[in-house]
Structure formats: structure tokens, C-alpha cells
file target-v1.txt (compact mmCIF, C-alpha atoms)
# COMPACT_ATOMS: atom_id res chain seq x y z
CA GLN O 1 0.00 0.00 0.00
CA LEU O 2 1.27 3.46 -0.93
CA PRO O 3 2.08 5.67 2.07
CA ALA O 4 0.08 8.89 2.43
CA GLU O 5 1.65 12.18 1.34
CA ASP O 6 2.28 13.29 4.94
CA GLU O 7 4.01 10.00 5.90
CA VAL O 8 7.48 11.25 4.98
CA LEU O 9 9.43 8.52 6.78
CA LEU O 10 7.39 5.72 5.18
CA GLN O 11 7.81 7.33 1.75
CA LYS O 12 11.58 7.54 2.26
CA LEU O 13 11.70 3.90 3.41
CA ARG O 14 9.71 2.82 0.33
CA GLU O 15 12.04 4.78 -1.99
CA GLU O 16 15.17 3.31 -0.41
CA SER O 17 13.86 -0.26 -0.46
CA ARG O 18 12.88 0.09 -4.16
CA ALA O 19 16.34 1.45 -4.99
CA VAL O 20 17.98 -1.52 -3.19
CA PHE O 21 15.64 -3.95 -4.98
CA LEU O 22 16.46 -2.42 -8.41
CA GLN O 23 20.20 -2.52 -7.67
CA ARG O 24 19.91 -6.21 -6.79
CA LYS O 25 18.02 -6.87 -10.03
CA SER O 26 20.72 -4.97 -11.91
CA ARG O 27 23.46 -7.14 -10.41
CA GLU O 28 21.62 -10.26 -11.62
CA LEU O 29 22.13 -9.17 -15.24
CA LEU O 30 25.08 -10.23 -17.38
CA ASP O 31 27.81 -7.58 -17.58
CA ASN O 32 30.07 -7.03 -20.61
CA GLU O 33 32.77 -9.41 -19.38
CA GLU O 34 30.24 -12.19 -18.80
CA LEU O 35 28.73 -11.62 -22.25
CA GLN O 36 32.20 -11.88 -23.82
CA ASN O 37 32.80 -15.12 -21.93
CA LEU O 38 29.46 -16.48 -23.17
CA TRP O 39 30.39 -15.64 -26.78
CA PHE O 40 33.78 -17.34 -26.32
CA LEU O 41 32.11 -20.55 -24.98
CA LEU O 42 29.53 -20.63 -27.79
CA ASP O 43 32.25 -20.18 -30.40
CA LYS O 44 34.34 -22.93 -28.82
CA HIS O 45 31.41 -25.40 -28.87
CA GLN O 46 30.13 -24.73 -32.38
CA THR O 47 28.98 -27.86 -34.21
CA SER O 48 30.21 -28.68 -37.72
CA PRO O 49 29.63 -28.74 -40.65
CA MET O 50 29.64 -25.03 -41.50
CA ILE O 51 26.83 -23.95 -43.82
CA GLY O 52 27.69 -20.61 -45.41
CA GLU O 53 29.00 -18.05 -42.91
CA GLU O 54 26.82 -19.06 -39.94
CA ALA O 55 28.41 -20.82 -36.95
CA MET O 56 25.88 -23.33 -35.55
CA ILE O 57 25.45 -25.31 -32.31
CA ASN O 58 23.45 -28.48 -31.57
CA TYR O 59 21.36 -29.12 -28.46
CA GLU O 60 23.97 -31.31 -26.73
CA ASN O 61 26.70 -28.65 -27.00
CA PHE O 62 24.16 -25.94 -26.17
CA LEU O 63 23.55 -27.67 -22.80
CA LYS O 64 27.31 -28.01 -22.21
CA VAL O 65 27.76 -24.27 -22.70
CA GLY O 66 24.85 -23.71 -20.31
CA GLU O 67 26.64 -25.67 -17.58
CA LYS O 68 29.92 -23.76 -18.05
CA ALA O 69 28.46 -20.27 -18.52
CA GLY O 70 27.52 -19.73 -14.87
CA PRO O 71 24.30 -19.28 -12.87
CA LYS O 72 23.32 -15.93 -14.45
CA CYS O 73 23.04 -17.60 -17.87
CA LYS O 74 20.96 -20.56 -16.68
CA GLN O 75 17.62 -18.97 -17.67
CA PHE O 76 18.71 -18.80 -21.35
CA PHE O 77 19.70 -22.47 -21.77
CA THR O 78 16.28 -24.09 -21.94
CA ALA O 79 14.73 -26.47 -24.46
CA LYS O 80 12.00 -23.86 -25.08
CA ILE O 81 14.49 -21.16 -26.17
CA PHE O 82 16.45 -23.65 -28.31
CA ALA O 83 13.20 -24.73 -30.04
CA LYS O 84 12.19 -21.09 -30.57
CA LEU O 85 15.43 -20.41 -32.47
CA LEU O 86 15.42 -23.70 -34.39
CA HIS O 87 14.70 -23.14 -38.08
CA ASN O 88 15.44 -25.28 -41.14
CA ASP O 89 18.88 -26.62 -40.26
CA PRO O 90 19.13 -30.26 -41.50
CA TYR O 91 21.29 -31.16 -38.45
CA GLY O 92 18.88 -29.72 -35.87
CA ARG O 93 21.17 -26.87 -34.84
CA ILE O 94 20.61 -23.20 -34.10
CA SER O 95 22.64 -20.16 -35.15
CA ILE O 96 25.12 -19.05 -32.46
CA MET O 97 24.74 -15.42 -33.57
CA GLN O 98 20.92 -15.57 -33.34
CA PHE O 99 21.08 -17.05 -29.84
CA PHE O 100 23.65 -14.49 -28.68
CA ASN O 101 21.53 -11.63 -30.09
CA TYR O 102 18.51 -13.07 -28.26
CA VAL O 103 20.47 -13.01 -24.96
CA MET O 104 21.72 -9.46 -25.65
CA ARG O 105 18.17 -8.27 -26.38
CA LYS O 106 16.85 -9.80 -23.15
CA VAL O 107 19.66 -8.22 -21.11
CA TRP O 108 19.02 -4.86 -22.81
CA LEU O 109 15.27 -5.09 -22.06
CA HIS O 110 15.90 -5.82 -18.38
CA GLN O 111 18.50 -3.04 -18.14
CA THR O 112 16.07 -0.58 -19.73
CA ARG O 113 13.21 -1.73 -17.51
CA ILE O 114 15.36 -1.15 -14.41
CA GLY O 115 16.48 2.22 -15.82
CA LEU O 116 12.86 3.30 -16.39
CA SER O 117 11.75 1.93 -13.00
CA LEU O 118 14.21 4.28 -11.27
CA TYR O 119 12.04 7.16 -12.54
CA ASP O 120 8.78 5.51 -11.44
CA VAL O 121 8.30 7.67 -8.35
CA ALA O 122 5.05 5.97 -7.26
CA GLY O 123 6.56 2.49 -7.77
CA GLN O 124 3.38 1.29 -9.47
CA GLY O 125 4.85 0.18 -12.80
CA TYR O 126 3.99 3.29 -14.80
CA LEU O 127 5.55 6.67 -15.62
CA ARG O 128 3.81 10.02 -15.45
CA GLU O 129 4.67 12.77 -17.92
CA SER O 130 7.13 14.42 -15.52
CA ASP O 131 8.85 11.04 -14.84
CA LEU O 132 9.39 10.39 -18.55
CA GLU O 133 10.58 13.99 -19.05
CA ASN O 134 13.26 13.43 -16.37
CA TYR O 135 14.29 10.11 -17.95
CA ILE O 136 14.73 11.64 -21.42
CA LEU O 137 16.43 14.79 -20.10
CA GLU O 138 19.07 12.69 -18.33
CA LEU O 139 19.41 10.45 -21.41
CA ILE O 140 20.32 13.36 -23.76
CA PRO O 141 24.06 13.52 -22.78
CA THR O 142 24.44 9.77 -23.53
CA LEU O 143 23.19 10.14 -27.14
CA PRO O 144 26.00 11.34 -29.48
CA GLN O 145 23.46 12.27 -32.20
CA LEU O 146 22.10 15.00 -29.89
CA ASP O 147 25.54 16.50 -29.10
CA GLY O 148 24.84 19.55 -31.26
CA LEU O 149 21.62 20.53 -29.47
CA GLU O 150 21.70 23.88 -27.68
CA LYS O 151 20.98 23.62 -23.94
CA SER O 152 18.22 26.23 -24.42
CA PHE O 153 16.43 23.78 -26.77
CA TYR O 154 16.49 20.85 -24.29
CA SER O 155 13.05 21.60 -22.80
CA PHE O 156 11.46 21.76 -26.29
CA TYR O 157 13.29 18.57 -27.32
CA VAL O 158 12.07 16.72 -24.21
CA CYS O 159 8.50 17.92 -24.81
CA THR O 160 8.69 16.77 -28.48
CA ALA O 161 10.01 13.32 -27.49
CA VAL O 162 7.61 12.75 -24.57
CA ARG O 163 4.54 13.70 -26.65
CA LYS O 164 5.14 10.79 -29.04
CA PHE O 165 5.08 8.29 -26.16
CA PHE O 166 1.94 9.79 -24.63
CA PHE O 167 0.08 10.33 -27.90
CA PHE O 168 0.38 6.67 -28.92
CA LEU O 169 0.59 4.87 -25.55
CA ASP O 170 -1.95 6.85 -23.52
CA PRO O 171 -4.98 7.04 -25.84
CA LEU O 172 -7.40 7.63 -22.93
CA ARG O 173 -5.26 10.58 -21.76
CA THR O 174 -4.80 9.27 -18.21
CA GLY O 175 -1.47 11.08 -17.86
CA LYS O 176 0.53 7.90 -17.27
CA ILE O 177 1.98 5.01 -19.31
CA LYS O 178 2.84 1.46 -18.23
CA ILE O 179 6.57 0.74 -18.30
CA GLN O 180 5.67 -2.57 -20.02
CA ASP O 181 4.01 -0.65 -22.86
CA ILE O 182 7.08 1.57 -23.28
CA LEU O 183 9.28 -1.54 -23.58
CA ALA O 184 6.89 -3.29 -25.98
CA CYS O 185 6.72 -0.46 -28.53
CA SER O 186 9.57 0.51 -30.87
CA PHE O 187 9.94 4.13 -29.68
CA LEU O 188 12.76 3.37 -27.22
CA ASP O 189 14.65 1.58 -30.01
CA ASP O 190 14.31 4.73 -32.14
CA LEU O 191 15.44 6.94 -29.26
CA LEU O 192 18.43 4.74 -28.39
CA GLU O 193 19.36 4.50 -32.09
CA LEU O 194 20.75 8.02 -31.51
CA ARG O 195 23.68 6.38 -29.68
CA ASP O 196 25.01 5.46 -33.13
CA GLU O 197 27.52 8.11 -34.17
CA GLU O 198 27.34 6.94 -37.80
CA LEU O 199 23.54 7.22 -38.17
CA SER O 200 22.64 7.89 -41.81
CA LYS O 201 20.94 11.14 -42.90
CA GLU O 202 17.94 9.12 -44.09
CA SER O 203 17.55 7.42 -40.68
CA GLN O 204 17.76 10.79 -38.96
CA GLU O 205 15.03 12.24 -41.17
CA THR O 206 12.62 9.36 -40.47
CA ASN O 207 13.37 9.19 -36.72
CA TRP O 208 11.00 11.47 -34.73
CA PHE O 209 13.58 11.68 -31.90
CA SER O 210 16.56 12.85 -33.99
CA ALA O 211 17.82 16.42 -33.70
CA PRO O 212 16.92 17.36 -37.33
CA SER O 213 13.40 15.96 -36.87
CA ALA O 214 12.78 17.77 -33.55
CA LEU O 215 14.18 21.02 -34.99
CA ARG O 216 11.98 20.62 -38.10
CA VAL O 217 8.78 20.30 -36.02
CA TYR O 218 9.72 23.17 -33.71
CA GLY O 219 10.84 25.30 -36.68
CA GLN O 220 7.45 24.78 -38.37
CA TYR O 221 5.73 25.88 -35.15
CA LEU O 222 7.82 29.08 -34.99
CA ASN O 223 7.13 29.81 -38.70
CA LEU O 224 3.38 29.47 -38.16
CA ASP O 225 3.49 31.76 -35.10
CA LYS O 226 3.38 35.04 -37.04
CA ASP O 227 2.71 37.32 -34.04
CA HIS O 228 5.52 35.61 -32.02
CA ASN O 229 3.40 35.17 -28.89
CA GLY O 230 4.42 31.51 -28.49
CA MET O 231 0.90 30.25 -29.35
CA LEU O 232 -1.02 29.50 -32.54
CA SER O 233 -4.40 30.99 -33.45
CA LYS O 234 -6.75 29.21 -35.86
CA GLU O 235 -5.65 31.66 -38.57
CA GLU O 236 -1.98 30.81 -37.97
CA LEU O 237 -2.60 27.04 -37.90
CA SER O 238 -4.52 27.24 -41.20
CA ARG O 239 -1.15 27.57 -43.01
CA TYR O 240 0.00 24.17 -41.68
CA GLY O 241 1.41 21.80 -44.33
CA THR O 242 0.13 22.75 -47.77
CA GLY O 243 -2.36 25.22 -46.21
CA THR O 244 -5.33 23.23 -47.55
CA LEU O 245 -6.98 21.98 -44.35
CA THR O 246 -10.61 23.10 -44.32
CA SER O 247 -11.80 25.88 -42.05
CA ILE O 248 -14.54 23.62 -40.61
CA PHE O 249 -11.98 20.99 -39.58
CA LEU O 250 -9.76 23.63 -37.95
CA ASP O 251 -12.82 24.93 -36.05
CA ARG O 252 -13.27 21.44 -34.63
CA VAL O 253 -9.58 21.24 -33.63
CA PHE O 254 -9.96 24.42 -31.58
CA GLN O 255 -13.28 23.25 -30.11
CA GLU O 256 -12.03 19.85 -28.96
CA CYS O 257 -8.34 20.38 -28.12
CA LEU O 258 -6.88 22.13 -25.10
CA THR O 259 -6.38 25.83 -25.87
CA TYR O 260 -5.52 28.96 -23.90
CA ASP O 261 -7.74 31.98 -24.70
CA GLY O 262 -8.53 30.29 -28.01
CA GLU O 263 -4.87 29.66 -28.94
CA MET O 264 -2.89 26.44 -29.14
CA ASP O 265 0.40 25.80 -27.29
CA TYR O 266 3.34 23.69 -28.52
CA LYS O 267 2.21 20.55 -26.66
CA THR O 268 -1.27 20.60 -28.25
CA TYR O 269 0.36 21.35 -31.62
CA LEU O 270 2.56 18.23 -31.26
CA ASP O 271 -0.54 16.02 -30.82
CA PHE O 272 -2.03 17.66 -33.93
CA VAL O 273 1.16 16.97 -35.97
CA LEU O 274 1.47 13.38 -34.72
CA ALA O 275 -2.16 12.72 -35.72
CA LEU O 276 -1.84 14.20 -39.21
CA GLU O 277 1.58 12.67 -39.96
CA ASN O 278 0.53 9.14 -38.88
CA ARG O 279 -2.99 8.82 -40.28
CA LYS O 280 -2.73 5.06 -40.72
CA GLU O 281 -2.19 4.51 -36.96
CA PRO O 282 -5.19 3.74 -34.67
CA ALA O 283 -4.22 6.47 -32.15
CA ALA O 284 -4.09 9.09 -34.93
CA LEU O 285 -7.41 7.90 -36.38
CA GLN O 286 -8.94 8.08 -32.89
CA TYR O 287 -7.81 11.71 -32.60
CA ILE O 288 -9.23 12.68 -36.02
CA PHE O 289 -12.41 10.59 -35.56
CA LYS O 290 -13.25 12.53 -32.39
CA LEU O 291 -13.08 15.76 -34.43
CA LEU O 292 -15.23 14.34 -37.24
CA ASP O 293 -17.84 12.99 -34.81
CA ILE O 294 -19.56 16.38 -34.43
CA GLU O 295 -22.68 14.95 -32.76
CA ASN O 296 -20.55 12.94 -30.32
CA LYS O 297 -22.48 9.75 -31.15
CA GLY O 298 -19.49 7.42 -31.51
CA HIS O 299 -20.05 7.02 -35.26
CA LEU O 300 -20.03 9.01 -38.50
CA ASN O 301 -23.26 9.17 -40.48
CA VAL O 302 -24.25 10.83 -43.77
CA PHE O 303 -24.89 14.13 -41.96
CA SER O 304 -21.37 14.36 -40.45
CA LEU O 305 -19.71 13.31 -43.74
CA ASN O 306 -21.71 15.95 -45.62
CA TYR O 307 -20.90 18.59 -42.98
CA PHE O 308 -17.16 18.21 -43.59
CA PHE O 309 -17.32 17.58 -47.35
CA ARG O 310 -19.28 20.81 -47.95
CA ALA O 311 -16.14 22.71 -46.91
CA ILE O 312 -14.11 20.78 -49.52
CA GLN O 313 -16.72 21.67 -52.18
CA GLU O 314 -16.53 25.36 -51.23
CA GLN O 315 -12.73 25.33 -51.48
CA MET O 316 -12.96 23.72 -54.91
CA LYS O 317 -15.24 26.56 -56.09
CA ILE O 318 -12.78 29.16 -54.77
CA HIS O 319 -9.96 27.45 -56.72
CA GLY O 320 -12.08 27.32 -59.88
CA GLN O 321 -12.34 23.52 -59.81
CA GLU O 322 -15.42 21.61 -60.93
CA PRO O 323 -17.32 20.66 -57.71
CA VAL O 324 -17.81 16.94 -57.07
CA SER O 325 -21.17 15.48 -55.99
CA PHE O 326 -21.32 14.56 -52.28
CA GLN O 327 -23.49 11.56 -53.15
CA ASP O 328 -20.64 10.00 -55.19
CA VAL O 329 -18.02 10.67 -52.50
CA LYS O 330 -20.28 9.33 -49.73
CA ASP O 331 -20.82 6.06 -51.69
CA GLU O 332 -17.07 5.74 -52.30
CA ILE O 333 -16.31 6.25 -48.59
CA PHE O 334 -18.85 3.59 -47.52
CA ASP O 335 -17.46 1.23 -50.20
CA MET O 336 -13.91 1.76 -48.93
CA VAL O 337 -14.74 1.28 -45.25
CA LYS O 338 -17.44 -1.45 -45.57
CA PRO O 339 -18.83 -0.70 -42.07
CA LYS O 340 -20.80 -3.34 -40.13
CA ASP O 341 -23.81 -1.02 -40.11
CA PRO O 342 -24.42 0.24 -43.71
CA TYR O 343 -25.57 3.65 -42.43
CA LYS O 344 -22.82 4.59 -39.99
CA ILE O 345 -19.05 4.27 -39.64
CA SER O 346 -17.48 3.54 -36.26
CA LEU O 347 -13.85 4.18 -35.32
CA GLN O 348 -13.24 0.41 -35.36
CA ASP O 349 -14.70 0.19 -38.90
CA LEU O 350 -12.28 2.89 -39.99
CA ILE O 351 -9.28 1.11 -38.41
CA ASN O 352 -10.28 -2.33 -39.75
CA SER O 353 -10.70 -1.00 -43.30
CA SER O 354 -7.02 0.11 -43.56
CA GLN O 355 -8.43 3.06 -45.54
CA GLY O 356 -8.66 5.46 -42.59
CA ASP O 357 -5.87 7.71 -43.86
CA THR O 358 -7.56 8.10 -47.29
CA VAL O 359 -11.05 8.69 -45.84
CA THR O 360 -9.86 11.34 -43.38
CA SER O 361 -7.81 13.09 -46.09
CA ILE O 362 -10.88 13.27 -48.36
CA LEU O 363 -12.91 14.97 -45.60
CA ILE O 364 -10.46 17.46 -44.07
CA ASP O 365 -7.87 18.44 -46.66
CA LEU O 366 -8.45 19.78 -50.18
CA ASN O 367 -4.98 18.62 -51.23
CA GLY O 368 -5.75 15.12 -49.83
CA PHE O 369 -9.06 15.02 -51.72
CA TRP O 370 -7.42 16.23 -54.94
CA THR O 371 -4.74 13.51 -54.64
CA TYR O 372 -7.47 10.87 -54.14
CA GLU O 373 -9.56 12.16 -57.07
CA ASN O 374 -6.56 12.18 -59.42
CA ARG O 375 -4.95 8.96 -58.15
CA GLU O 376 -5.18 7.18 -61.52
CA VAL O 377 -3.58 10.12 -63.37
CA LEU O 378 -0.85 10.36 -60.71
CA VAL O 379 -0.10 6.61 -60.86
CA ALA O 380 0.09 6.81 -64.68
CA SER O 381 2.45 9.82 -64.60
CA ASP O 382 4.60 8.06 -61.97
CA SER O 383 4.94 4.98 -64.15
CA ASP O 384 5.67 7.19 -67.19
CA SER O 385 8.48 9.00 -65.39
CA THR O 386 9.85 5.64 -64.16
CA ALA O 387 9.80 4.35 -67.73
CA ASP O 388 11.58 7.51 -68.94
CA GLY O 389 14.19 7.01 -66.24
CA ASP O 390 14.69 3.37 -67.34
CA GLU O 391 15.18 4.43 -70.97
CA THR O 392 17.77 7.07 -70.08
call {"tool": "encode", "arguments": {"input": "target-v1.txt", "output": "C-alpha cells"}}
result
Amino acid sequence: QLPAEDEVLLQKLREESRAVFLQRKSRELLDNEELQNLWFLLDKHQTSPMIGEEAMINYENFLKVGEKAGPKCKQFFTAKIFAKLLHNDPYGRISIMQFFNYVMRKVWLHQTRIGLSLYDVAGQGYLRESDLENYILELIPTLPQLDGLEKSFYSFYVCTAVRKFFFFLDPLRTGKIKIQDILACSFLDDLLELRDEELSKESQETNWFSAPSALRVYGQYLNLDKDHNGMLSKEELSRYGTGTLTSIFLDRVFQECLTYDGEMDYKTYLDFVLALENRKEPAALQYIFKLLDIENKGHLNVFSLNYFFRAIQEQMKIHGQEPVSFQDVKDEIFDMVKPKDPYKISLQDLINSSQGDTVTSILIDLNGFWTYENREVLVASDSDSTADGDET
């Protein structure tokens, strides 16, 4: 049972005992020297014949290594793990490299779990926003790829990184995330990829946690903030991306999202960006679905689809484009989603259809609708330019 806030001594005792427990768990893990010794033993007991480059080991030698490797390794030398790594080897062996990588991954997971648990102030197996902020802030100096970041940017970097975890792992907005969920998703891998000093430019561009990516998002925010008051009005946000999001959709963003005197702060902006940049993901679709569900009924019907598509039709008129009939678009949307109920679309229908990104683009973004309408022309011109490239 958690001690009450005024029970200072009990709180201190709980903190100390957790720290001792985590240190003990840490000592149970294989250190670098023990891992090297394990690799040496595996290499020494490899089983011939060699097939290609892979060194292999059979079950008998696998057990021998298990006996010699010491008590810390015992948990890895089981029939279950051997069977899990057994593929199509005609001699019934497993790859030494695959087994060693499996051990390394397990050790890394336990190390990371202990590292995260040190920031779990309540000791309940989850991190609050402030806990994760502290973890990432103290991680920055250990990541060579972030060496160039100005100290003054650290707080914005931490906010940018933490939002991704909370946007995808805390869909109900409880303000806390299970440590297990953090370990199970790939975000920590992306974050710790920044330890690699040789990380390619392409990897940096696609990694949300890299310095160029964080600076890009923050730079866009500053560019949108024309009056330099540190917040975005609806007018300022309307220039986001290609500047073709409909006014009706932006109205809904400002109605539903947390704002201050009708303006959006950086944190709320990050949720907005994560939703629009990841429209295939369930968490992003949940965010957009809530905005589209104007009657708050838990589904989209013909009325809500028409409400949003009218704004697309108006934009088309302004740009001198031939308006498209709502009836046709509505039928196409229902055909794409194939909802369980033929008259309404639930969030789950949208996720199951794998067409959520296309449907939302059609309803909120003139550019997205135009791309959908002209998809056949665009595919043809893409294949033409590919063919031209092949000929040259």
C-alpha cells in the first residue's frame, strides 16, 4: 500500500527499499565481461559442418555451454528457447549469432526496464509525464546524435520526445503510461538508435527523436506563429502543411483540443502533428475521428460526412475547380470502409478497413481530396516518369 503524502518517513523507506531492490536486479544481469565469456564458450562449442557463414550449435553442445556459462546464464539455456530459435537446419542446430543476439536483447530489455523503474516515483509500474521527461532529459548527454543541441532547446526537445510516447501509448489521456508498454513499442529503439555516431541522414530524417526531426517540427511551429506570442491561433494554424486543411476541420480542432484563450500551445500542436503525420495509426485515427464525430455519437453518419465535405466543395469553387457530388463521394467512402452497419461508420470500422488515412484526407484536406480524385492520373504519370528514367 502506498504511504500517504504526509508519511514522509514511510515514503523515504519505500524509496530506499525500491532502490535496493532495483540494484539487486541490476546485479543479476550479465555484464560485458560475462557476455564476452558467453560468446567465447559458444564459439568454442560450435557444431560442424559449416553452412555458409553461420556458426551453428546443436542441443547437446548448447547444454554443455549452459553448464559452463555460470548461474546468471541458466535462464537462457532451456529447451524452449532452443526450439524457438530452431529453423530449417538439417542437423537440428541453431545459429550461435541468433542465440547471442537473443540473450543481448533480453539483457538490454531488463536493463532498460530497471532504468525506467528508477524514474517511477510511485513504484506502481507506470511513468507520469514528468517522470518520462526526467528520464529523457538525463538520457540526452548519452546520445552522441544529440551532441549539437543547444541547452536552451532541451526543454522543447524533451517535450517533443515525450509527446510521441503519450500520444500513442496513452490514448485515454490518463497522464501515465505502463513501463511494459514503453518496452513493448519501438519508440525506445528509435530513441536509443541516436547512440550510433554513424547514423545515416535518411535514418535521422525518419526518426522522430533525432535532432533534425525535432528542430523541423519546432521550426514549423515558430514559422506558423506570425505574431511571435508563443501560441497559434486558428488563422496561424490554417497555413500548416500545404495550407489546404478546411476551415470547418480547424474549427473542430480548436473546439475539442486544449487551448488557452482560443490559442494552441506547442504541446497541443505536437498532438495535432502526430495525428496528421501518422494517419494510418489507430491512435491518430482516434484523434481525427473525435473531431469528425460532431454529434458525439461514436459514429459518422451521412450528416457528419456531408458537414465536412461541404467545406471541400466550397474550397474547390474558390480554386475554380469543378465541384464533385457529395453523393458519389459518400458512396465511395462507404465502399472503402465497408462498415458493419451500412448507415454509420465507427472508429473500429475505420481502423479495420485500412483506408482510414484516405477517408480522413478526403474529408479534411483539399490537397488530400485532390490527390485521391486524381490517383489514376498520378499513378500513370509516376509509371511514365519511371519508364523515362529506365530508358535514359
call {"tool": "residues_around", "arguments": {"input": "target-v1.txt", "residues": "Asn301 (chain O)", "least_positions_apart": "5", "cutoff": "7 Å", "atoms": "all atoms listed in the file", "output": "JSON, numbers by chain"}}
result
{"O": [343, 344, 345]}
call {"tool": "atom_distance", "arguments": {"input": "target-v1.txt", "atom1": "CA of Lys338 (chain O)", "atom2": "CA of Ser304 (chain O)"}}
result
17.1 Å
call {"tool": "atom_distance", "arguments": {"input": "target-v1.txt", "atom1": "CA of Arg163 (chain O)", "atom2": "CA of Glu129 (chain O)"}}
result
8.8 Å
call {"tool": "residues_around", "arguments": {"input": "target-v1.txt", "residues": "region 257-272 of chain O", "least_positions_apart": "3", "cutoff": "12 Å", "atoms": "all atoms listed in the file", "output": "ChimeraX atom specification"}}
result
/O:129,155-168,170-171,173,208,214,216-222,224-225,227,229-237,240-241,249-254,275-279,283-288,290-291
call {"tool": "atom_distance", "arguments": {"input": "target-v1.txt", "atom1": "CA of Ala4 (chain O)", "atom2": "CA of Asn134 (chain O)"}}
result
23.4 Å
call {"tool": "residues_around", "arguments": {"input": "target-v1.txt", "residues": "region 44-59 of chain O", "least_positions_apart": "3", "cutoff": "7 Å", "atoms": "all atoms listed in the file", "output": "NGL selection string"}}
result
:O and (40-41 or 62-63 or 92-96)
call {"tool": "residues_near_point", "arguments": {"input": "target-v1.txt", "point": "(7.0, 5.1, -30.2)", "cutoff": "8 Å", "atoms": "only C-alpha atoms", "output": "list in words"}}
result
Lys164, Phe165, Phe168, Leu169, Ile182, Cys185, Ser186, Phe187, Leu188 and Asp190 of chain O
call {"tool": "closest_residue", "arguments": {"input": "target-v1.txt", "among": "O:Leu85, O:Leu127, O:Met104, O:Leu118", "to": "Leu22 (chain O)", "atoms": "all atoms listed in the file"}}
result
O:Leu118
call {"tool": "residues_near_point", "arguments": {"input": "target-v1.txt", "point": "(-11.9, 25.8, -51.1)", "cutoff": "12 Å", "atoms": "all atoms listed in the file", "output": "PyMOL selection string"}}
result
chain O and resi 243-248+308-323+364-367+369-370
call {"tool": "residues_around", "arguments": {"input": "target-v1.txt", "residues": "Arg14 (chain O)", "least_positions_apart": "4", "cutoff": "9 Å", "atoms": "all atoms listed in the file", "output": "PyMOL selection string"}}
result
chain O and resi 2-3+9-10+18-19+123
call {"tool": "residues_around", "arguments": {"input": "target-v1.txt", "residues": "Val107 (chain O)", "least_positions_apart": "2", "cutoff": "10 Å", "atoms": "all atoms listed in the file", "output": "ChimeraX atom specification"}}
result
/O:26,28-31,35,101-105,109-113
call {"tool": "decode", "arguments": {"input": "target-v1.txt", "residues": "region 131-151 of chain O", "atoms": "C-alpha atoms", "output": "PDB file, in the first residue's frame"}}
result
ATOM      1  CA  ASP O 131       8.850  11.038 -14.841  1.00  0.00           C
ATOM      2  CA  LEU O 132       9.393  10.389 -18.555  1.00  0.00           C
ATOM      3  CA  GLU O 133      10.579  13.986 -19.046  1.00  0.00           C
ATOM      4  CA  ASN O 134      13.260  13.433 -16.368  1.00  0.00           C
ATOM      5  CA  TYR O 135      14.291  10.106 -17.949  1.00  0.00           C
ATOM      6  CA  ILE O 136      14.734  11.641 -21.418  1.00  0.00           C
ATOM      7  CA  LEU O 137      16.425  14.793 -20.105  1.00  0.00           C
ATOM      8  CA  GLU O 138      19.066  12.685 -18.334  1.00  0.00           C
ATOM      9  CA  LEU O 139      19.407  10.450 -21.410  1.00  0.00           C
ATOM     10  CA  ILE O 140      20.325  13.355 -23.760  1.00  0.00           C
ATOM     11  CA  PRO O 141      24.063  13.523 -22.777  1.00  0.00           C
ATOM     12  CA  THR O 142      24.439   9.765 -23.531  1.00  0.00           C
ATOM     13  CA  LEU O 143      23.192  10.137 -27.138  1.00  0.00           C
ATOM     14  CA  PRO O 144      26.004  11.338 -29.480  1.00  0.00           C
ATOM     15  CA  GLN O 145      23.465  12.270 -32.195  1.00  0.00           C
ATOM     16  CA  LEU O 146      22.098  14.999 -29.885  1.00  0.00           C
ATOM     17  CA  ASP O 147      25.537  16.499 -29.103  1.00  0.00           C
ATOM     18  CA  GLY O 148      24.843  19.554 -31.261  1.00  0.00           C
ATOM     19  CA  LEU O 149      21.619  20.535 -29.474  1.00  0.00           C
ATOM     20  CA  GLU O 150      21.697  23.875 -27.678  1.00  0.00           C
ATOM     21  CA  LYS O 151      20.978  23.623 -23.943  1.00  0.00           C
TER      22      LYS O 151
END
